[in-house]
Amino acid sequence: MMDLAQIRGDFPVLKRLENGKPLIYLDSASTSQKPHSVILAESRFYQEQNANVRRGIYLLAYEATELYEAARRRVATFIGARSEEVVFTRGTTEALNLAAWAVGETRVSPGDRILVTEMEHHANLIPWQELARRKRAELLAIPISEEGHLDLAAFRKMLTSRTKVVAVTHVSNVLGTVNPISDIVEEAHGVGAVVVVDAAQSAPHMSLRVTELGCDALAFSGHKMLGPTGIGVLWAKSELLEAWPPFLTGGEMIREVWLDRATWADPPAKFEAGTPPIAQAIGLAAAVEYLERIGMDVVQTHGRELTTLALAGLQSRPHVEIYGPKKAEERGALVAFNLRGLHPHDVATLLDQEGICIRAGHHCAQPLHRRLGLAASCRASFHIYNTREEVEAFLEALDRVWEALR
Amino acid sequence: MMDLAQIRGDFPVLKRLENGKPLIYLDSASTSQKPHSVILAESRFYQEQNANVRRGIYLLAYEATELYEAARRRVATFIGARSEEVVFTRGTTEALNLAAWAVGETRVSPGDRILVTEMEHHANLIPWQELARRKRAELLAIPISEEGHLDLAAFRKMLTSRTKVVAVTHVSNVLGTVNPISDIVEEAHGVGAVVVVDAAQSAPHMSLRVTELGCDALAFSGHKMLGPTGIGVLWAKSELLEAWPPFLTGGEMIREVWLDRATWADPPAKFEAGTPPIAQAIGLAAAVEYLERIGMDVVQTHGRELTTLALAGLQSRPHVEIYGPKKAEERGALVAFNLRGLHPHDVATLLDQEGICIRAGHHCAQPLHRRLGLAASCRASFHIYNTREEVEAFLEALDRVWEALR
Amino acid sequence: MSPYEEIILDHWKNPRNKGRLAAPDLVGMEVNPLCGDAVRLELKVAQGKVTDVRFDGQGCAISQAAASLLTELIQGKSLAEVQTLEEKELLSALGGVIQTRLNCALLPLRALRKALQKLS
Amino acid sequence: MSPYEEIILDHWKNPRNKGRLAAPDLVGMEVNPLCGDAVRLELKVAQGKVTDVRFDGQGCAISQAAASLLTELIQGKSLAEVQTLEEKELLSALGGVIQTRLNCALLPLRALRKALQKLS
Ligand SMILES: Cc1ncc(COP(=O)(O)O)c(C=O)c1O
Ligand SMILES: Cc1ncc(COP(=O)(O)O)c(C=O)c1O
């Protein structure tokens with residue numbers, strides 16, 4: 001179905017050694033590796049078509065603009081959206097800051113309620129804290145169950161006519177939980193709240209259809225989905241983009257400017273002040289093309305297969321504690337865990353000696369770790385280039401870590 | 001002194017044809033072309049060292065972090081600053097938005113005064129308009145003389161104890177004027193105002209020493225100085241960075257996070273929320289290295305030589321109107337002009353037919369064009385890869401445009 | 001050296017129907033903020049036909065020539081015909097327009113569509 | 001398979017001078033927000049000498065072993081010696097530390113420096 005050897009051949013970094021061993025990269029949830037086609041798309045742009053966009057009327061600039069806007073169309077198609085609704089940002093974080101700011105300017109008044117969840121990444125938490133502070137609004141977090149699912153009954157009770165926005169992650173970067181976005185949207189829309197979705201961990205691994213999710217805005221990063229650093233996407237419904245004031249101001253987002261005032265261009269340009277990450281948008285389009293060629297269903301199935309294997313292996317080891325849902329079907333392609341009594345850093349360092357890269361820390365989710373009673377955890381995460389053999393090697397190495405440090 | 005043929009060989013795009021003619025790229029003030037070494041630095045990172053920074057403790061992530069921080073150190077040295085004072089942003093526009101926002105949060109109250117100039121790029125104008133609106137402060141623009149110099153006498157009169165910030169461009173992207181930053185700083189500091197400098201057009205062309213300029217903050221873009229898109233720099237004095245609240249919030253910029261509040265990391269991390277443009281920072285460092293190898297003095301001399309030639313040629317044609325200082329020594333490496341009665345777009349299109357790329361429009365400086373009584377202008381701008389022959393070809397082609405359309 | 005067709009140069013140097021109408025029935029105005037090009041179209045309509053038309057504006061040769069030519073294209077036509085006028089008709093009447101400047105050529109057509117909006 | 005020197009494992013599994021002092025003269029505390037590692041150092045000082053020392057903390061093997069070893073290194077030393085203790089002395093006493101983890105190893109030294117700050 002999917003030729004893993006060929007796919008691995010597309011990722012140059014996999015030829016590298018890590019501490020003298022073949023690299024086993026299990027940290028794609030932090031950032032993914034990049035295929036040749038993405039690296040080439042960027043360098044080819046610089047070598048053959050580099051010019052600023054939207055400004056010049058010479059052919060070179062025309063071609064650059066066409067490539068940039070074609071990238072927008074490709075990303076829009078990837079998530080089932082219209083291209084006027086796709087705003088390029090530096091990444092998920094900037095996209096969520098923009099959304100939180102704009103929702104605040106247009107919908108939140110003192111005393112209003114903002115909902116987040118206990119499992120949010122800092123990127124989908126602190127911007128809302130700042131908004132709550134700025135607007136003197138109330139910030140509440142939807143609690144999670146022991147297994148790491150959102151407590152939807154508690155959520156329903158938190159919804160009031162003053163609830164203006166629900167900010168929720170699609171897939172938790174620690175628990176792996178896939179949240180029921182369309183259910184959340186239905187409830188939230190019932191009280192007139194908008195739903196902002198952090199898709200940083202879902203966009204790389206599953207077919208997203210914003211119309212089916214039903215949410216009002218959605219953010220993700222290029223670098224986690226085989227694309228370059230420095231590029232991300234904020235999608236939002238046209239009505240919102242029309243209503244929202246610009247977040248950053250400057251060149252390219254204006255209609256007319258006087259010394260004392262200015263009027264704005266139409267979305268998405270309104271939200272793209274200054275020279276955008278042009279080469280990076282083109283690189284992201286190449287990543288989308290690569291993923292689509294494999295097929296997002298195949299990508300998701302592959303991730304689930306490796307997660308199933310990892311979950312089973314970890315569960316069979318009594319000294320391992322796993323966080324989040326126990327079934328791979330309820331998860332993204334990642335598993336967070338701890339070895340009893342061992343610090344995640346020590347585990348990660350010892351695995352790295354065998355060429356295995358996992359993440360150790362709080363994964364930008366301190367409140368969640370506090371909720372779980374942890375300072376930190378280990379996390380193994382997978383993408384299309386990982387193999388069953390790598391997961392098995394990881395599990396075996398984990399036993400040697402346990403032997404060495406227990 | 002400088003081997004121009006060799007330098008041109010370093011820029012792959014120069015081998016391209018434009019409308020069937022050898023490309024003569026005279027729009028570097030909009031975005032510069034990139035040498036091999038910059039393109040390679042980025043792709044090599046993706047091929048050999050790609051990982052997220054600051055987070056992982058495996059070797060790959062350690063190397064990526066080292067490269068990212070080494071890039072910061074190199075950029076700091078390039079402008080004579082300390083690396084803790086260098087914040088990576090997407091570009092000048094984001095950097096100036098950050099500065100305007102933070103200055104506003106820490107120094108500007110209702111009734112205070114903000115100074116800009118009549119020659120600002122929208123990027124160093126609209127963020128201050130927005131700040132003035134938000135804080136109900138007064139925004140005034142320092143006027144310019146007929147020749148395009150700042151009216152320093154008028155500036156002095158505008159300084160009061162309520163003047164909190166002066167935002168000024170180092171080099172105008174239309175007039176070419178090099179503004180006397182240290183004089184402006186001395187006056188501004190006299191009333192306790194901070195000075196924010198837009199160095200988008202100076203950083204690519206001259207040796208910058210922030211301590212000699214004396215300003216409090218300074219912004220520039222990678223893509224205009226042979227570096228990648230998607231990366232820029234905000235430099236600011238440590239005291240300011242310490243005092244300023246963060247602009248974007250999320251991962252990597254925190255110390256501790258609870259569900260309802262958070263504390264911040266030290267600068268520069270405090271201002272770099274989320275995954276930064278890692279490959280782009282590394283690419284920018286390669287651009288700095290390239291420029292330093294040639295020598296910024298040589299870069300400046302070369303730009304001045306071409307500008308002298310262009311100015312003389314344009315001045316000798318009675319149907320050409322030139323904007324800005326008449327002497328190349330008072331200018332950056334660019335010239336804006338018009339052919340009497342012809343629209344800049346038509347001029348640019350006809351030149352493009354001969355392979356010559358110039359910019360036509362308002363160059364993101366509508367108020368300046370209004371001040372000059374123009375809807376738009378043509379602009380030719382130069383960088384290290386341009387030759388005297390190209391400038392001559394441009395001048396000759398301009399005569400043919402005049403013949404065809406007059 | 002001109003990539004501009006003769007017809008563009010001709011309409012640019014000798015614009016047709018330039019000016020204003022005393023009491024137009026339909027008016028449409030479009031501006032390109034990137035370059036300041038502006039076109040205003042005024043139409044007089046009687047019995048479902050365009051009986052008179054004027055354009056006014058400023059800008060590049062292509063936008064102004066296109067505006068001038070457009071007035072000729074719609075003069076005397078039925079509103080139905082004018083409403084279905086396609087981009088490619090204007091472009092081919094101009095003898096073809098270089099791709100980098102399509103926006104300039106289509107500016108008058110956008111002004112026309114704005115004018116017609118008031119009908120529906 | 002351990003890249004950790006025996007001495008690190010030894011100090012980690014059998015920490016020396018762990019706990020608190022009744023009435024410390026100097027106290028320093030450091031936290032690494034990225035991983036939650038924390039080290040607290042307490043010193044008793046008499047006649048310019050460290051007469052007693054304790055550490056407390058939580059975290060990875062390297063940070064905790066380094067803290068334990070550091071207490072041994074400074075116990076009984078003059079304040080002058082303690083103040084000039086260099087990073088490399090601690091690192092070599094630990095038998096060398098892997099580059100990716102230098103931060104962990106140096107956390108206790110930063111806590112010590114914080115404690116000593118109160119002297120100057
Ligand atoms: C003087 C000046 N300031 C600011 C900018 C904005 O830079 P960027 O688009 O890279 O953010 C430019 C370039 O367009 C400029 O010339
Ligand atoms: C769930 C989630 N949200 C947001 C982010 C932030 O993404 P970025 O750092 O690309 O802005 C991440 C990745 O770190 C994430 O996993």
# chains A, B, ... in the order shown; residues from 1 in each chain; ligands from 1

$ interface_residues --of "chain A" --to "chain C" --cutoff "9 Å" --atoms "only C-alpha atoms" --output "PyMOL selection string"
chain A and resi 54-55+57-59+61-63+252+254-256+265

$ residues_near_ligand --ligand "ligand 2" --cutoff "8 Å" --atoms "only C-alpha atoms and all ligand atoms" --output "mmCIF file with C-alpha atoms, in the first residue's frame"
data_model
loop_
_atom_site.group_PDB
_atom_site.id
_atom_site.type_symbol
_atom_site.label_atom_id
_atom_site.label_comp_id
_atom_site.auth_asym_id
_atom_site.auth_seq_id
_atom_site.Cartn_x
_atom_site.Cartn_y
_atom_site.Cartn_z
ATOM 1 C CA ALA A 29 5.039 16.048 17.426
ATOM 2 C CA SER A 30 7.638 18.676 18.274
ATOM 3 C CA THR A 31 8.737 19.135 14.686
ATOM 4 C CA ARG A 90 4.570 32.165 11.298
ATOM 5 C CA GLY A 91 2.956 29.178 12.977
ATOM 6 C CA THR A 92 0.187 27.960 15.249
ATOM 7 C CA THR A 93 1.281 30.272 18.036
ATOM 8 C CA GLU A 94 1.010 33.441 15.989
ATOM 9 C CA ALA A 95 -2.267 32.235 14.499
ATOM 10 C CA GLU A 120 -4.174 22.955 26.221
ATOM 11 C CA HIS A 121 -0.686 23.645 24.947
ATOM 12 C CA HIS A 122 0.554 27.000 26.271
ATOM 13 C CA ALA A 123 -0.050 28.419 22.786
ATOM 14 C CA ASN A 124 -3.789 27.923 23.167
ATOM 15 C CA THR A 169 -7.108 21.573 20.916
ATOM 16 C CA HIS A 170 -8.089 19.035 18.301
ATOM 17 C CA VAL A 171 -5.466 16.531 19.447
ATOM 18 C CA SER A 172 -3.601 16.871 22.740
ATOM 19 C CA ASN A 173 0.169 16.975 22.306
ATOM 20 C CA ASP A 198 -5.704 24.294 17.769
ATOM 21 C CA ALA A 199 -5.006 21.808 14.991
ATOM 22 C CA ALA A 200 -1.215 21.777 15.412
ATOM 23 C CA GLN A 201 -1.287 18.042 16.169
ATOM 24 C CA PHE A 220 -1.733 24.834 12.502
ATOM 25 C CA SER A 221 1.993 24.934 11.784
ATOM 26 C CA GLY A 222 3.898 23.943 8.662
ATOM 27 C CA HIS A 223 6.912 22.536 10.479
ATOM 28 C CA LYS A 224 4.919 19.738 12.153
ATOM 29 C CA THR A 229 9.731 26.361 9.879
ATOM 30 C CA GLY A 232 1.646 28.407 9.694
ATOM 31 C CA HIS A 363 5.823 19.695 26.354
ATOM 32 C CA CYS A 364 4.528 23.250 26.795
ATOM 33 C CA GLY B 250 2.619 30.671 24.049
ATOM 34 C CA GLY B 251 5.311 28.045 24.340
ATOM 35 C CA ALA B 273 6.653 32.613 21.484
ATOM 36 C CA GLY B 274 6.261 29.299 19.724
ATOM 37 C CA THR B 275 8.566 27.511 17.356
ATOM 38 C CA PRO B 276 10.765 30.210 15.843
#

$ interface_residues --of "chain A" --to "chain B" --cutoff "7 Å" --atoms "only C-alpha atoms" --output "JSON list (two decimals) with N, CA and C atoms, in the first residue's frame"
[["chain", "number", "residue", "atom", "x", "y", "z"],
["A", 12, "PRO", "N", 16.09, 13.11, 3.82],
["A", 12, "PRO", "CA", 17.56, 13.03, 3.90],
["A", 12, "PRO", "C", 18.08, 12.87, 5.33],
["A", 13, "VAL", "N", 17.44, 13.46, 6.31],
["A", 13, "VAL", "CA", 17.99, 13.43, 7.67],
["A", 13, "VAL", "C", 18.07, 12.01, 8.21],
["A", 16, "ARG", "N", 21.34, 10.19, 8.62],
["A", 16, "ARG", "CA", 22.28, 10.69, 9.60],
["A", 16, "ARG", "C", 22.42, 9.70, 10.76],
["A", 18, "GLU", "N", 23.00, 9.26, 14.88],
["A", 18, "GLU", "CA", 22.80, 9.96, 16.16],
["A", 18, "GLU", "C", 23.64, 9.22, 17.19],
["A", 30, "SER", "N", 6.96, 17.41, 18.02],
["A", 30, "SER", "CA", 7.64, 18.68, 18.27],
["A", 30, "SER", "C", 7.92, 19.36, 16.95],
["A", 31, "THR", "N", 8.62, 18.68, 16.07],
["A", 31, "THR", "CA", 8.74, 19.14, 14.69],
["A", 31, "THR", "C", 9.02, 17.92, 13.83],
["A", 33, "GLN", "N", 10.31, 15.86, 10.31],
["A", 33, "GLN", "CA", 11.39, 15.95, 9.34],
["A", 33, "GLN", "C", 10.81, 16.35, 7.97],
["A", 34, "LYS", "N", 11.69, 16.72, 7.05],
["A", 34, "LYS", "CA", 11.23, 17.28, 5.76],
["A", 34, "LYS", "C", 11.69, 16.42, 4.60],
["A", 39, "ILE", "N", 12.26, 20.64, 0.70],
["A", 39, "ILE", "CA", 13.53, 21.37, 0.74],
["A", 39, "ILE", "C", 13.82, 21.97, -0.63],
["A", 43, "SER", "N", 14.35, 25.90, -2.09],
["A", 43, "SER", "CA", 15.59, 26.37, -2.70],
["A", 43, "SER", "C", 15.37, 26.69, -4.17],
["A", 46, "TYR", "N", 14.16, 30.24, -4.41],
["A", 46, "TYR", "CA", 15.24, 31.22, -4.29],
["A", 46, "TYR", "C", 16.14, 31.25, -5.52],
["A", 47, "GLN", "N", 16.29, 30.09, -6.14],
["A", 47, "GLN", "CA", 17.21, 30.03, -7.27],
["A", 47, "GLN", "C", 16.60, 30.52, -8.57],
["A", 48, "GLU", "N", 15.28, 30.44, -8.67],
["A", 48, "GLU", "CA", 14.68, 30.70, -9.98],
["A", 48, "GLU", "C", 13.59, 31.76, -10.00],
["A", 50, "ASN", "N", 12.78, 34.06, -7.10],
["A", 50, "ASN", "CA", 12.71, 34.92, -5.92],
["A", 50, "ASN", "C", 12.39, 36.38, -6.26],
["A", 51, "ALA", "N", 11.30, 36.86, -5.68],
["A", 51, "ALA", "CA", 10.92, 38.27, -5.77],
["A", 51, "ALA", "C", 9.89, 38.49, -4.68],
["A", 52, "ASN", "N", 9.64, 39.75, -4.37],
["A", 52, "ASN", "CA", 8.60, 40.01, -3.38],
["A", 52, "ASN", "C", 7.24, 39.84, -4.05],
["A", 56, "GLY", "N", 5.47, 43.93, -7.17],
["A", 56, "GLY", "CA", 6.14, 44.22, -8.43],
["A", 56, "GLY", "C", 5.24, 43.87, -9.59],
["A", 57, "ILE", "N", 5.44, 44.52, -10.75],
["A", 57, "ILE", "CA", 4.64, 44.14, -11.91],
["A", 57, "ILE", "C", 5.51, 43.54, -12.98],
["A", 58, "TYR", "N", 6.77, 43.27, -12.68],
["A", 58, "TYR", "CA", 7.60, 42.56, -13.63],
["A", 58, "TYR", "C", 7.33, 41.06, -13.50],
["A", 59, "LEU", "N", 7.76, 40.32, -14.52],
["A", 59, "LEU", "CA", 7.40, 38.91, -14.61],
["A", 59, "LEU", "C", 7.85, 38.10, -13.38],
["A", 93, "THR", "N", 1.26, 29.31, 16.93],
["A", 93, "THR", "CA", 1.28, 30.27, 18.04],
["A", 93, "THR", "C", 0.85, 31.65, 17.57],
["A", 94, "GLU", "N", 1.42, 32.13, 16.47],
["A", 94, "GLU", "CA", 1.01, 33.44, 15.99],
["A", 94, "GLU", "C", -0.46, 33.42, 15.58],
["A", 97, "ASN", "N", -2.59, 33.65, 18.66],
["A", 97, "ASN", "CA", -2.51, 35.00, 19.22],
["A", 97, "ASN", "C", -3.39, 35.96, 18.42],
["A", 122, "HIS", "N", 0.47, 25.59, 25.86],
["A", 122, "HIS", "CA", 0.55, 27.00, 26.27],
["A", 122, "HIS", "C", 0.11, 27.96, 25.17],
["A", 123, "ALA", "N", 0.30, 27.55, 23.92],
["A", 123, "ALA", "CA", -0.05, 28.42, 22.79],
["A", 123, "ALA", "C", -1.55, 28.67, 22.70],
["A", 126, "ILE", "N", -2.22, 30.73, 27.04],
["A", 126, "ILE", "CA", -1.77, 32.05, 27.51],
["A", 126, "ILE", "C", -2.39, 33.20, 26.71],
["A", 127, "PRO", "N", -2.54, 33.09, 25.39],
["A", 127, "PRO", "CA", -3.20, 34.20, 24.69],
["A", 127, "PRO", "C", -4.61, 34.47, 25.25],
["A", 129, "GLN", "N", -5.52, 33.79, 28.40],
["A", 129, "GLN", "CA", -5.30, 34.41, 29.71],
["A", 129, "GLN", "C", -5.11, 35.91, 29.54],
["A", 229, "THR", "N", 9.98, 25.48, 8.74],
["A", 229, "THR", "CA", 9.73, 26.36, 9.88],
["A", 229, "THR", "C", 9.33, 27.73, 9.32],
["A", 230, "GLY", "N", 8.75, 28.55, 10.21],
["A", 230, "GLY", "CA", 8.46, 29.93, 9.83],
["A", 230, "GLY", "C", 7.17, 30.12, 9.08],
["A", 248, "LEU", "N", -1.47, 42.62, 13.07],
["A", 248, "LEU", "CA", -0.26, 43.37, 12.75],
["A", 248, "LEU", "C", -0.61, 44.36, 11.64],
["A", 249, "THR", "N", 0.03, 45.52, 11.68],
["A", 249, "THR", "CA", -0.22, 46.50, 10.63],
["A", 249, "THR", "C", 1.09, 46.85, 9.92],
["A", 250, "GLY", "N", 0.98, 47.43, 8.73],
["A", 250, "GLY", "CA", 2.17, 47.79, 7.96],
["A", 250, "GLY", "C", 1.87, 47.72, 6.48],
["A", 251, "GLY", "N", 2.86, 47.36, 5.68],
["A", 251, "GLY", "CA", 2.67, 47.29, 4.25],
["A", 251, "GLY", "C", 1.79, 46.12, 3.86],
["A", 257, "VAL", "N", -3.69, 54.90, 2.98],
["A", 257, "VAL", "CA", -2.98, 55.35, 4.18],
["A", 257, "VAL", "C", -2.76, 56.86, 4.13],
["A", 258, "TRP", "N", -3.10, 57.51, 5.21],
["A", 258, "TRP", "CA", -2.77, 58.91, 5.41],
["A", 258, "TRP", "C", -1.83, 58.95, 6.61],
["A", 259, "LEU", "N", -1.30, 60.14, 6.89],
["A", 259, "LEU", "CA", -0.39, 60.20, 8.03],
["A", 259, "LEU", "C", -1.09, 59.83, 9.34],
["A", 260, "ASP", "N", -2.36, 60.12, 9.44],
["A", 260, "ASP", "CA", -3.01, 59.92, 10.74],
["A", 260, "ASP", "C", -3.96, 58.74, 10.78],
["A", 261, "ARG", "N", -4.17, 58.08, 9.65],
["A", 261, "ARG", "CA", -5.13, 56.97, 9.65],
["A", 261, "ARG", "C", -4.93, 56.10, 8.43],
["A", 273, "ALA", "N", 0.46, 41.54, 7.24],
["A", 273, "ALA", "CA", 1.24, 42.77, 7.15],
["A", 273, "ALA", "C", 2.70, 42.45, 6.83],
["A", 274, "GLY", "N", 3.28, 43.25, 5.94],
["A", 274, "GLY", "CA", 4.70, 43.09, 5.64],
["A", 274, "GLY", "C", 4.97, 41.97, 4.66],
["A", 276, "PRO", "N", 5.52, 38.54, 3.52],
["A", 276, "PRO", "CA", 5.18, 37.28, 4.17],
["A", 276, "PRO", "C", 6.31, 36.26, 4.05],
["A", 277, "PRO", "N", 6.19, 35.12, 4.72],
["A", 277, "PRO", "CA", 7.17, 34.04, 4.55],
["A", 277, "PRO", "C", 6.92, 33.36, 3.21],
["A", 278, "ILE", "N", 7.43, 33.96, 2.15],
["A", 278, "ILE", "CA", 7.06, 33.54, 0.79],
["A", 278, "ILE", "C", 7.59, 32.14, 0.47],
["A", 279, "ALA", "N", 8.90, 31.97, 0.61],
["A", 279, "ALA", "CA", 9.48, 30.67, 0.29],
["A", 279, "ALA", "C", 8.87, 29.58, 1.18],
["A", 348, "ALA", "N", 15.50, 10.11, 28.38],
["A", 348, "ALA", "CA", 15.75, 10.62, 27.03],
["A", 348, "ALA", "C", 17.24, 10.59, 26.70],
["A", 349, "THR", "N", 18.08, 10.94, 27.66],
["A", 349, "THR", "CA", 19.52, 10.94, 27.40],
["A", 349, "THR", "C", 20.01, 9.52, 27.12],
["A", 352, "ASP", "N", 18.92, 8.43, 23.77],
["A", 352, "ASP", "CA", 19.67, 9.15, 22.73],
["A", 352, "ASP", "C", 21.01, 8.49, 22.48],
["A", 357, "CYS", "N", 15.57, 9.41, 19.51],
["A", 357, "CYS", "CA", 15.22, 10.76, 19.96],
["A", 357, "CYS", "C", 13.77, 10.80, 20.43],
["A", 359, "ARG", "N", 11.14, 13.09, 23.25],
["A", 359, "ARG", "CA", 11.05, 14.36, 23.95],
["A", 359, "ARG", "C", 10.86, 14.10, 25.43],
["A", 360, "ALA", "N", 11.44, 14.95, 26.28],
["A", 360, "ALA", "CA", 11.26, 14.85, 27.72],
["A", 360, "ALA", "C", 11.06, 16.25, 28.26],
["A", 364, "CYS", "N", 5.32, 22.01, 26.85],
["A", 364, "CYS", "CA", 4.53, 23.25, 26.80],
["A", 364, "CYS", "C", 3.11, 23.03, 27.30],
["A", 366, "GLN", "N", 2.31, 22.83, 31.03],
["A", 366, "GLN", "CA", 2.54, 22.75, 32.48],
["A", 366, "GLN", "C", 1.27, 22.50, 33.27],
["A", 367, "PRO", "N", 0.18, 23.22, 32.97],
["A", 367, "PRO", "CA", -1.02, 22.96, 33.77],
["A", 367, "PRO", "C", -1.50, 21.51, 33.66]]

$ residues_around --residues "A:Val320" --least-positions-apart "6" --cutoff "8 Å" --atoms "only C-alpha atoms" --output "PyMOL selection string"
chain A and resi 314+337-340

$ write_last_selection --atoms "N, CA, C and O atoms" --output "CSV table (one decimal), in the first residue's frame"
chain,number,residue,atom,x,y,z
A,314,LEU,N,4.4,-0.5,25.9
A,314,LEU,CA,4.5,0.2,27.1
A,314,LEU,C,3.6,-0.4,28.2
A,314,LEU,O,4.0,-0.5,29.4
A,337,PHE,N,4.6,9.1,28.6
A,337,PHE,CA,4.8,8.0,29.6
A,337,PHE,C,5.9,8.4,30.6
A,337,PHE,O,6.6,9.4,30.3
A,338,ASN,N,6.0,7.7,31.6
A,338,ASN,CA,7.1,7.8,32.5
A,338,ASN,C,7.6,6.4,33.0
A,338,ASN,O,6.7,5.5,33.0
A,339,LEU,N,8.9,6.2,33.3
A,339,LEU,CA,9.3,5.0,33.9
A,339,LEU,C,9.4,5.3,35.4
A,339,LEU,O,10.0,6.4,35.8
A,340,ARG,N,8.8,4.5,36.2
A,340,ARG,CA,8.6,4.7,37.6
A,340,ARG,C,9.9,5.2,38.3
A,340,ARG,O,10.9,4.5,38.2

$ residues_around --residues "C:Leu112" --least-positions-apart "5" --cutoff "8 Å" --atoms "only C-alpha atoms" --output "ChimeraX atom specification"
/C:27-29,41

$ select_by_dssp --residues "stretch 39-86 of chain C" --states "strand (DSSP E or B)" --output "list in words"
Val39, Arg40, Leu41, Glu42, Leu43, Lys44, Val45, Ala46, Lys49, Val50, Thr51, Asp52, Val53, Arg54, Phe55, Asp56, Gly57, Gln58 and Ser78 of chain C

$ residues_around --residues "A:Glu186" --least-positions-apart "5" --cutoff "10 Å" --atoms "only C-alpha atoms" --output "PyMOL selection string"
chain A and resi 181+191-193+195+213-215

$ write_last_selection --atoms "C-alpha atoms" --output "mmCIF file, in the first residue's frame"
data_model
loop_
_atom_site.group_PDB
_atom_site.id
_atom_site.type_symbol
_atom_site.label_atom_id
_atom_site.label_comp_id
_atom_site.auth_asym_id
_atom_site.auth_seq_id
_atom_site.Cartn_x
_atom_site.Cartn_y
_atom_site.Cartn_z
ATOM 1 C CA ILE A 181 -14.774 19.013 17.892
ATOM 2 C CA VAL A 191 -25.055 29.679 23.211
ATOM 3 C CA GLY A 192 -23.536 31.781 20.430
ATOM 4 C CA ALA A 193 -19.906 31.125 21.313
ATOM 5 C CA VAL A 195 -14.950 27.809 18.605
ATOM 6 C CA LEU A 213 -15.696 20.197 12.030
ATOM 7 C CA GLY A 214 -17.952 23.231 12.015
ATOM 8 C CA CYS A 215 -15.537 25.367 14.019
#

$ select_by_dssp --residues "stretch 2-31 of chain D" --states "alpha helix (DSSP H)" --output "number ranges by chain"
D: 6-13

$ residues_around --residues "D:Asp52" --least-positions-apart "3" --cutoff "12 Å" --atoms "only C-alpha atoms" --output "list of chain:residue names"
D:Asn17, D:Lys18, D:Gly19, D:Arg20, D:Leu21, D:Ala22, D:Ala23, D:Pro24, D:Asp25, D:Leu26, D:Leu41, D:Glu42, D:Leu43, D:Lys44, D:Val45, D:Ala46, D:Lys49, D:Phe55, D:Thr71, D:Glu72, D:Leu73, D:Ile74, D:Gln75, D:Gly76, D:Lys77, D:Ser78

$ closest_residue --among "B:Thr301, B:Ser381, B:Ser83, B:Gln6" --to "ligand 1" --atoms "only C-alpha atoms and all ligand atoms"
B:Ser381

$ residues_around --residues "C:Leu69" --least-positions-apart "4" --cutoff "10 Å" --atoms "only C-alpha atoms" --output "list in words"
Ile7, Ile8, Asp10, His11, Trp12, Pro15, Arg16, Asn17, Phe55, Ser63, Gln64, Ala65, Leu73, Ile74, Leu90, Ala93, Leu94 and Pro108 of chain C
